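Encoded as structure tokens, the structure appears first; notes follow it.
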Amino acid sequence: MLQDAWKEWQSRTLRRRANRALSRQLEYQNVKAGKVRGREADVIAGMSRASQRVRSILEEVGSVKPDARVLEVGSGAHGLIFSFGAHRGVGLDPLAVHYASLFPRWQRSAATVAAVGESLPFADGTFDIVLSDNVVDHAERPGTILAEIARVLAPAGLVYFTVNVHHPFYAVASTLHNCWNMLGISYEIGPFADHTVHLTLDKARGLFNELPLNILRERAYISEAKEKTRRPQTRHPGDRVKRIFFKNALFEVVAVRKPD
């Protein structure tokens with residue numbers, strides 16, 4: 001009984017954190033929409049470079065056909081799908097309706113669906129390619145999102161996935177932040193309020209355990225994250241901490257769906 005009550009309390013708290021992260025993201029993008037007004041072409045150019053980089057990575061391991069069915073889970077305000085060149089591309093995000101209004105110049109280039117990654121509103125094997133770019137650590141259940149991605153991916157379909165990983169120090173700090181929130185203390189630290197979890201490299205790799213996916217390419221950009229901390233000037237005390245405990249190292253995976 002007590003164990004069930006504890007799990008329910010944890011679940012409610014995690015849901016509140018995920019909703020809070022969404023709320024903060026929408027606040028941020030509302031401000032950003034005003035700042036980019038009049039220079040949308042520059043933003044689109046940057047988005048195009050990022051999308052074409054990912055497309056090139058996928059083309060190194062498989063074919064990206066002109067009629068490929070492509071889904072981006074967590075397409076957000078500036079997702080890969082909007083410049084990916086997919087004629088049958090779909091972006092999915094809980095805030096999709098808001099983003100379509102805030103950034104119409106590029107959001108109109110792909111169909112978008114307002115939904116959460118933990119429950120994708122698509123049949124099994126619907127897509128040839130699924131993209132998820134630095135999203136799951138903002139969501140309620142990262143592991144469930146990966147399972148859903150595998151479910152909607154057709155056999156021999158490709159996954160491009162990234163998430164930021166961090167030194168275990170930040171995973172402990174995130175847990176403490178969660179605990180005082182669970183106890184009703186409303187004080188928030190920005191990076192922890194924007195994420196439901198700070199994943200270590202091992203935890204990020206573990207998201208792929210027991211999924212019907214073969215890893216074709218994996219890289220963790222930890223040395224690059226450490227190098228960034230060696231800048232001559234620090235912006236705030238957090239930069240000094242990062243010189244000892246790395247933060248925001250990109251973990252990048254390309255995988256293929258196993259045959260049924």
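Identifiers in this document derive from the order of the structure tokens: chains are assigned A, B, ..., residues are numbered from 1 separately in each chain, and ligands are numbered from 1 in order of occurrence.
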
Quiz item: Just asking: which residues within segment 9-213 of chain A are alpha helix (DSSP H) according to DSSP, as JSON, numbers by chain?
Solution: {"A": [9, 10, 11, 12, 13, 14, 15, 16, 17, 18, 19, 20, 21, 22, 23, 24, 25, 26, 27, 28, 29, 30, 31, 32, 33, 34, 35, 36, 40, 41, 42, 43, 44, 45, 46, 47, 48, 49, 50, 51, 52, 53, 54, 55, 56, 57, 58, 59, 60, 61, 96, 97, 98, 99, 100, 101, 102, 104, 105, 106, 107, 142, 143, 144, 145, 146, 147, 148, 149, 150, 151, 152, 168, 169, 170, 171, 172, 173, 174, 175, 176, 177, 178, 179, 180, 181, 182, 190, 191, 192, 193, 201, 202, 203, 204, 205, 206]}

Kindly provide the residues of segment 127-153 of chain A that approach segment 198-221 of chain A to within 9 Å, each paired with its closest atom pair and their distance in Å to one decimal, based on only C-alpha atoms, listed by chain and increasing number, as JSON lines.
{"residue": "A:Asp137", "atom": "CA", "partner": "A:His198", "partner_atom": "CA", "distance": 6.7}
{"residue": "A:Pro142", "atom": "CA", "partner": "A:Leu207", "partner_atom": "CA", "distance": 7.5}
{"residue": "A:Gly143", "atom": "CA", "partner": "A:Leu207", "partner_atom": "CA", "distance": 5.4}
{"residue": "A:Thr144", "atom": "CA", "partner": "A:Leu207", "partner_atom": "CA", "distance": 8.7}
{"residue": "A:Leu146", "atom": "CA", "partner": "A:Leu207", "partner_atom": "CA", "distance": 6.8}
{"residue": "A:Ala147", "atom": "CA", "partner": "A:Leu211", "partner_atom": "CA", "distance": 6.6}
{"residue": "A:Ala150", "atom": "CA", "partner": "A:Pro212", "partner_atom": "CA", "distance": 6.7}
{"residue": "A:Arg151", "atom": "CA", "partner": "A:Pro212", "partner_atom": "CA", "distance": 8.6}

Resulting file, chosen residues, N, CA and C atoms, as a CSV table (one decimal), in the first residue's frame:
chain,number,residue,atom,x,y,z
A,137,ASP,N,14.8,14.2,-22.4
A,137,ASP,CA,15.1,14.6,-21.0
A,137,ASP,C,14.2,15.8,-20.5
A,142,PRO,N,11.2,9.3,-20.5
A,142,PRO,CA,12.1,9.1,-21.7
A,142,PRO,C,12.1,7.7,-22.3
A,143,GLY,N,12.2,6.7,-21.4
A,143,GLY,CA,12.2,5.3,-21.9
A,143,GLY,C,11.0,4.9,-22.7
A,144,THR,N,9.8,5.4,-22.3
A,144,THR,CA,8.6,5.1,-23.0
A,144,THR,C,8.6,5.8,-24.4
A,146,LEU,N,11.3,6.3,-26.3
A,146,LEU,CA,12.1,5.4,-27.2
A,146,LEU,C,11.4,4.2,-27.6
A,147,ALA,N,10.6,3.6,-26.7
A,147,ALA,CA,9.8,2.4,-27.0
A,147,ALA,C,8.8,2.7,-28.1
A,150,ALA,N,10.4,3.1,-31.5
A,150,ALA,CA,10.7,1.8,-32.1
A,150,ALA,C,9.4,1.2,-32.6
A,151,ARG,N,8.3,1.4,-31.9
A,151,ARG,CA,7.0,0.8,-32.4
A,151,ARG,C,6.5,1.3,-33.7

Quiz item: So how far away is atom CA of Ile222 of chain A from atom CA of Glu252 of chain A, in Å?
Solution: 11.1 Å

Practice problem: List every residue of segment 3-230 of chain A that DSSP, applied to the backbone of this structure, assigns to strand (DSSP E), and report them as JSON, numbers by chain. | Solution: {"A": [69, 70, 71, 72, 73, 88, 89, 90, 91, 92, 111, 112, 113, 127, 128, 129, 130, 131, 132, 133, 153, 154, 155, 156, 157, 158, 159, 160, 161, 162, 163, 164, 165, 213, 214, 215, 216, 217, 218, 219, 220]}

If you take only C-alpha atoms and a cut-off of 12 Å, which residues of segment 130-172 of chain A touch segment 24-40 of chain A, and what are their nearest atom pairs and distances in Å to one decimal, in chain and number order, as JSON lines?
{"residue": "A:Val135", "atom": "CA", "partner": "A:Gln25", "partner_atom": "CA", "distance": 11.7}
{"residue": "A:His138", "atom": "CA", "partner": "A:Gln25", "partner_atom": "CA", "distance": 9.7}
{"residue": "A:Ala139", "atom": "CA", "partner": "A:Gln25", "partner_atom": "CA", "distance": 11.8}

Quiz item: What is the distance, in Å and to one decimal place, between atom CA of Leu120 of chain A and atom CA of His166 of chain A?
Solution: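 Atom-to-atom, atom CA of Leu120 of chain A to atom CA of His166 of chain A, that is 27.5 Å.
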
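Omitting Val90 of chain A and its sequence neighbours fewer than 2 positions away, and counting only C-alpha atoms, the residues within 9 Å are A:Arg69, A:Val70, A:Leu71, A:Glu72, A:Val73, A:Ser75, A:Ile81, A:Phe82, A:Ala86, A:Arg88, A:Leu92, A:Ala110, A:Ala111, A:Thr112, A:Val113.
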
Self-check item: Pick from A:Leu158, A:Ile145, A:Thr126, A:Asn134 nearest to Val254 of chain A, counting only C-alpha atoms
Solution: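 With only C-alpha atoms as the atom set, the closest residue is A:Leu158.
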
Quiz item: Restricting the calculation to only C-alpha atoms, which member of A:Ile129, A:Ser51, A:Leu102, A:Ser11 is positioned closest to Asp67 of chain A?
Solution: A:Ile129

Self-check item: Atom-to-atom span, atom CA of Leu14 of chain A and atom CA of His78 of chain A, Å
Solution: 25.4 Å
